[in-house]
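Step one of this worksheet: look at the structure below.
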Amino acid sequence: MIRFDAQRRRLTLSVRDLADEQDYRFAGPAPLSLKRRAVLGRVAHEDHQGSREEQVTSYRRERQVRYETEVGGWSVLVTGRIDGIYTDGDGRTVIEEVKTVVGTDGQLGAIDEATYPAYTRQLQLYRHLLEEGSGALGFEAGAPEIALHLVVIALPSRTQRTVVLPYDAATCRALVRRRLEAVLAGHEAQGRRVARRAAAAADVQFPHAGMRPHQDAMVQAIETALAQGRPILCSAPTGIGKTAAALVPALRHAAGIGGRVFVATSKTTQQAIFARTVRLLREAGAPVRAVVLTAREKACLNEVVHCTAEACEFAREYAAKLAASGAVERLTAQPVADLEAITAEARAHRFCPAEAALDLTAEVDVVIGDYNYVFDPGAALRRMFVDEEPRDVVLVIDEAHNLYERGMEYYSPQLRRDLLRDLDRALAHDAGRIAGRARALVALLLAELDRIERGGGVAPPPAPPPPTPEQGLLFDDPQAGASRRRSTSRRHDKSARFALELERASGDDRPALPETARGAPLPPEREVQLDVAFFVAVRDELDELSVAWFAEGRRGRPLAEDPLVVLSRVVSRFVGVLELGGDEFSTLFRASDGGALKVLCKDPSRQLGRRVRACAGAVAVSATLEPLEFYRDVLGFGPDAVLRSFPSPFDRRRRRVLVLDKPSTSYKERERDLPIVEDAVRAVVAARPGNYLVCCPSFEYLDKLAPRLDHLPGFDVVAQPRSLDEPGRAAVLERLGEAAAGRRPPVVLVTVQGGIFTEGVDYPGALCVGAIIVGPGLPRVSFERELIQAHFQRVYGRGFDYAFLYPGMSRVIQAAGRVIRTPTDEGVVVLVGDRFATDRYAGLFPRDWFERHPRELVCHDPYGALVEFWRGRQDARAVVRGGA
């Protein structure tokens, strides 16, 4: 770790830091578990040292070296540990540097001093520093003759090769000077970036001529919370301009500390809105720069994603091509480096655009990307949130109501029987020993799943007390639960049961894959107690097999298609969550879809909160963040979070909200009352031609209602399919635009609440004049949702509200918010269903929907009420035209 003490102008770094000239390493997806690879390397390293101590009396391991000098007005301290030092039979001092590599014995034999230049430089620097500061080791008359032995150990075979290295004092002396100057130059460049950001704080002005109603209050609230070091949640209705209201104070605060803003979004459409705001800030004079991160699969310039230097020309010599191209300078000169801009540079200079976007994160002021880059334990941006604490990052979470469900998904992995069988079939095409061993592990997993399905898994014990703070860590963090895992690893190390079963499954009598279990009927979904030791042992064995697999050169296929890589990743993710423990998790067996084991995250607050609290500030914004206390709890913002709600800036007279309380949309009665819902839709759309959304609570309900609306006079009815790609979505939106322009008949779009047409999309003007929302889109009742309800009932005493009511009403408010998007829009929102007339549901309506009480919205003549509303709006427009 390189450390700078600016006050004392002192630089401290290791010999490894000094030796590392950033030789090309492509940081694409790792085919191996980096943690397990590090463990295997450390064990091999320590075993070698122990063996040498037994063989050579004078052998000493981990000898410290210390060297001090001055460069450019800085005092410099270089420290290091020599892996091994001893005196050979000729009286020479021998310095050993031990390194492990993944490779075959044949590859090991081809290694020379040029194969791993950083390793070579490190060992040569040890000799140089010893000779420069020989008094530190007690050599009175200077250091004796020194030999340099680079000991390379191949994994997993443990075969060793010793490479005797040459040495030239002048070359090393120049290297030390060059590297120290480069490190200090990098520090000065970072200092200039920090200073530039700090100086820019005063230049971050609001990008519009004036502020909208309540926008200034939102900006002030966020600025105050960030200054106090408190996270803030803002519920800001459409029209306030929450994008600019959140980004401007976040940028100012980040600039003041020399940091960056990370904008986390749930949809790419939101990323485009933030990118547009950055461009407006730049036009307003703020020297702000942004990069938009795009998933590697979407950014890849090849037809197949295969991120290795051997397979991809864009990965090959990536760093050298990027540096020589000058692309970083050109991209950071633009307000926003988005996929289009980065791809153009990448095509011209043949480097990876996804990797370039990641490298740009250190250069810009705003990073825009999906929630995954922050919160997904398997995909988090390591350089910002894992390898280093994000103390200089201000986190803005857009449409934060979506993070609750996404957070639960991140920590709810499965082991599916059908996937395990598919991977076994794929591995069967390889007759090698490693593939056979992997298939034995698959057989063990399937046998365990079969045993649990037959009743071998027992109900879990009573809920343990809440986990301690040390346990509340993301499993992708290198330090997460380290002490806990060390004790767990010793306790679970190749349990006797696992070793015995694996030995049997690996032999010639490897059992046939188990068929689906038969026997006494058991609930199709139930909680089970899993043998954590067994799954940890399988995970560790798979990680070791992966090392052997790639040592044999299995790099010919993309990682996503490599069965052993896929198996290792699936099991690793499952076990990683399983090891976290805590009452917010339940382990389940699910008989559906062929059978699966699942770790269900009932409450993601502990994991999400750790990331939120690690940042320099956190701002969560949404138009539907009510009740704020609920989102504070489930997103892990903590009891000191600031909660602010803002009223709508729009004229209430331009919108009419009705509640039709006659039909029931509950599951048991919805079939009976479908005709009433159909009549309600027909009455609403008959009051005025135009585009309407009919927002159903589920696809099942949509499939029943849409056919009844096939023949609406004067309208085209479009039903959202269950699966729709981006071009299909764009085609529907284009169809709405044609209707709004009068080129085609108006559209009744039958869609679902919480879907791609009811969240994260704008329908300004005539694109949508009304939303008919059929029932509250509560999460579907299921065994898992009942477990979530029970958890929140135990923790907060509000199980139904937290598990069903609040998430469902959030979808309702989001759908209703599609209608009025600008100050000049006019439209209607009609809530269909008896539950909307009850206090429990109506109490969650936005306050600007009614005058005194939600009951005033109940209507029994929707056609008459809406005809009156539209006539009134027509008269109001006429008055305005007459006044003009």
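Going through the structure tokens in order, the chains are called A, B, and so on, while each chain numbers its residues from 1 and the ligands are numbered from 1 in the order shown.
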Item to check | 12 Å contact set for Leu415 (chain A), only C-alpha atoms, chain neighbours under 6 positions out, as a ChimeraX atom specification | outcome: /A:421,423,442,445-446,448-449,535,566-575,578,587-591,593-600
Next on the checklist: When DSSP is applied to the backbone of this structure, which of region 145-378 of chain A are assigned helix (DSSP H, G or I)? Write them out as a PyMOL selection string.
Outcome noted: chain A and resi 169-203+215-228+242-256+268-283+296-299+318-325+327-333+339-349+353-360+372-375
Saved selection, atoms kept: C-alpha atoms, as a tab-separated table (two decimals), in the first residue's frame:
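Once everything was written out, this is part26.tsv:
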```tsv
chain	number	residue	atom	x	y	z
A	169	ALA	CA	23.36	-2.14	-10.02
A	170	ALA	CA	23.13	0.83	-12.41
A	171	THR	CA	19.93	-0.51	-13.96
A	172	CYS	CA	18.35	-0.97	-10.53
A	173	ARG	CA	19.47	2.45	-9.39
A	174	ALA	CA	17.81	4.00	-12.44
A	175	LEU	CA	14.69	1.91	-11.86
A	176	VAL	CA	14.35	3.13	-8.27
A	177	ARG	CA	14.69	6.73	-9.36
A	178	ARG	CA	12.28	6.32	-12.29
A	179	ARG	CA	9.64	4.52	-10.26
A	180	LEU	CA	9.79	6.92	-7.33
A	181	GLU	CA	9.47	9.87	-9.68
A	182	ALA	CA	6.54	8.16	-11.42
A	183	VAL	CA	4.78	7.43	-8.12
A	184	LEU	CA	5.21	11.02	-7.00
A	185	ALA	CA	4.06	12.29	-10.40
A	186	GLY	CA	0.96	10.14	-10.10
A	187	HIS	CA	0.33	11.53	-6.64
A	188	GLU	CA	0.73	15.07	-7.93
A	189	ALA	CA	-1.66	14.32	-10.81
A	190	GLN	CA	-4.20	13.00	-8.33
A	191	GLY	CA	-3.66	16.11	-6.25
A	192	ARG	CA	-4.36	18.24	-9.30
A	193	ARG	CA	-7.57	16.26	-9.93
A	194	VAL	CA	-8.64	16.81	-6.33
A	195	ALA	CA	-7.77	20.49	-6.53
A	196	ARG	CA	-9.61	20.84	-9.83
A	197	ARG	CA	-12.69	19.23	-8.31
A	198	ALA	CA	-12.47	21.39	-5.21
A	199	ALA	CA	-12.07	24.55	-7.29
A	200	ALA	CA	-15.02	23.51	-9.41
A	201	ALA	CA	-17.36	23.38	-6.41
A	202	ALA	CA	-18.15	27.07	-6.78
A	203	ASP	CA	-18.71	26.63	-10.52
A	215	GLN	CA	-36.76	22.37	-6.20
A	216	ASP	CA	-34.74	24.87	-4.18
A	217	ALA	CA	-35.99	23.31	-0.93
A	218	MET	CA	-34.87	19.90	-2.13
A	219	VAL	CA	-31.42	21.18	-3.08
A	220	GLN	CA	-31.05	22.85	0.32
A	221	ALA	CA	-32.18	19.73	2.19
A	222	ILE	CA	-29.63	17.56	0.38
A	223	GLU	CA	-26.80	20.06	0.86
A	224	THR	CA	-27.54	20.27	4.60
A	225	ALA	CA	-27.71	16.49	5.04
A	226	LEU	CA	-24.42	15.94	3.20
A	227	ALA	CA	-22.73	18.64	5.22
A	228	GLN	CA	-23.93	16.94	8.41
A	242	LYS	CA	-35.25	15.72	-8.94
A	243	THR	CA	-32.40	14.76	-11.26
A	244	ALA	CA	-30.79	18.20	-11.15
A	245	ALA	CA	-31.91	18.75	-7.56
A	246	ALA	CA	-30.00	15.64	-6.46
A	247	LEU	CA	-26.99	15.89	-8.77
A	248	VAL	CA	-26.04	19.54	-8.14
A	249	PRO	CA	-25.64	19.34	-4.32
A	250	ALA	CA	-24.02	15.92	-4.63
A	251	LEU	CA	-21.46	17.34	-7.07
A	252	ARG	CA	-20.78	20.33	-4.87
A	253	HIS	CA	-20.17	18.15	-1.84
A	254	ALA	CA	-18.01	15.69	-3.77
A	255	ALA	CA	-16.01	18.55	-5.27
A	256	GLY	CA	-15.45	20.02	-1.83
A	268	THR	CA	-30.75	2.72	-18.77
A	269	THR	CA	-33.40	5.36	-19.50
A	270	GLN	CA	-32.55	7.02	-16.20
A	271	GLN	CA	-28.87	7.01	-17.09
A	272	ALA	CA	-29.63	9.02	-20.21
A	273	ILE	CA	-31.47	11.62	-18.11
A	274	PHE	CA	-28.49	12.07	-15.78
A	275	ALA	CA	-26.09	12.23	-18.75
A	276	ARG	CA	-28.24	14.97	-20.27
A	277	THR	CA	-28.13	16.90	-16.98
A	278	VAL	CA	-24.32	16.67	-16.91
A	279	ARG	CA	-24.21	18.15	-20.41
A	280	LEU	CA	-26.44	21.01	-19.25
A	281	LEU	CA	-24.15	21.62	-16.28
A	282	ARG	CA	-21.19	21.78	-18.65
A	283	GLU	CA	-23.03	24.29	-20.85
A	296	ARG	CA	-19.65	-5.78	-20.81
A	297	GLU	CA	-22.04	-7.91	-22.86
A	298	LYS	CA	-23.60	-4.80	-24.45
A	299	ALA	CA	-20.32	-2.95	-24.96
A	318	TYR	CA	-5.08	-3.23	-24.01
A	319	ALA	CA	-3.17	-0.87	-21.74
A	320	ALA	CA	-0.51	-0.06	-24.30
A	321	LYS	CA	-3.06	0.66	-27.03
A	322	LEU	CA	-5.17	2.82	-24.72
A	323	ALA	CA	-2.16	4.86	-23.60
A	324	ALA	CA	-0.85	5.33	-27.14
A	325	SER	CA	-4.24	6.33	-28.55
A	327	ALA	CA	-8.38	8.42	-26.11
A	328	VAL	CA	-8.52	9.12	-22.39
A	329	GLU	CA	-7.66	12.77	-22.95
A	330	ARG	CA	-10.22	13.14	-25.75
A	331	LEU	CA	-12.98	11.34	-23.86
A	332	THR	CA	-12.45	13.33	-20.67
A	333	ALA	CA	-12.55	16.54	-22.66
A	339	LEU	CA	-21.08	4.06	-24.95
A	340	GLU	CA	-21.23	5.71	-28.36
A	341	ALA	CA	-18.21	7.95	-27.74
A	342	ILE	CA	-16.12	5.22	-26.09
A	343	THR	CA	-16.99	2.68	-28.77
A	344	ALA	CA	-15.89	5.06	-31.53
A	345	GLU	CA	-12.47	5.42	-29.91
A	346	ALA	CA	-12.27	1.70	-29.16
A	347	ARG	CA	-13.00	0.72	-32.77
A	348	ALA	CA	-10.45	3.18	-34.10
A	349	HIS	CA	-7.66	2.08	-31.76
A	353	PRO	CA	-14.60	-0.23	-24.63
A	354	ALA	CA	-15.93	-1.81	-21.43
A	355	GLU	CA	-12.51	-1.79	-19.83
A	356	ALA	CA	-11.84	1.76	-21.00
A	357	ALA	CA	-15.06	2.95	-19.35
A	358	LEU	CA	-13.89	1.43	-16.07
A	359	ASP	CA	-10.50	3.13	-16.39
A	360	LEU	CA	-12.22	6.46	-16.97
A	372	ASN	CA	-25.20	-3.69	-9.88
A	373	TYR	CA	-21.96	-1.70	-9.84
A	374	VAL	CA	-22.61	-0.69	-6.24
A	375	PHE	CA	-24.74	-3.34	-4.58
```
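Using only C-alpha atoms, the smallest distance between any of A:Leu628, A:Val750, A:Leu545, A:Val78 and Gly436 (chain A) comes from A:Leu545.
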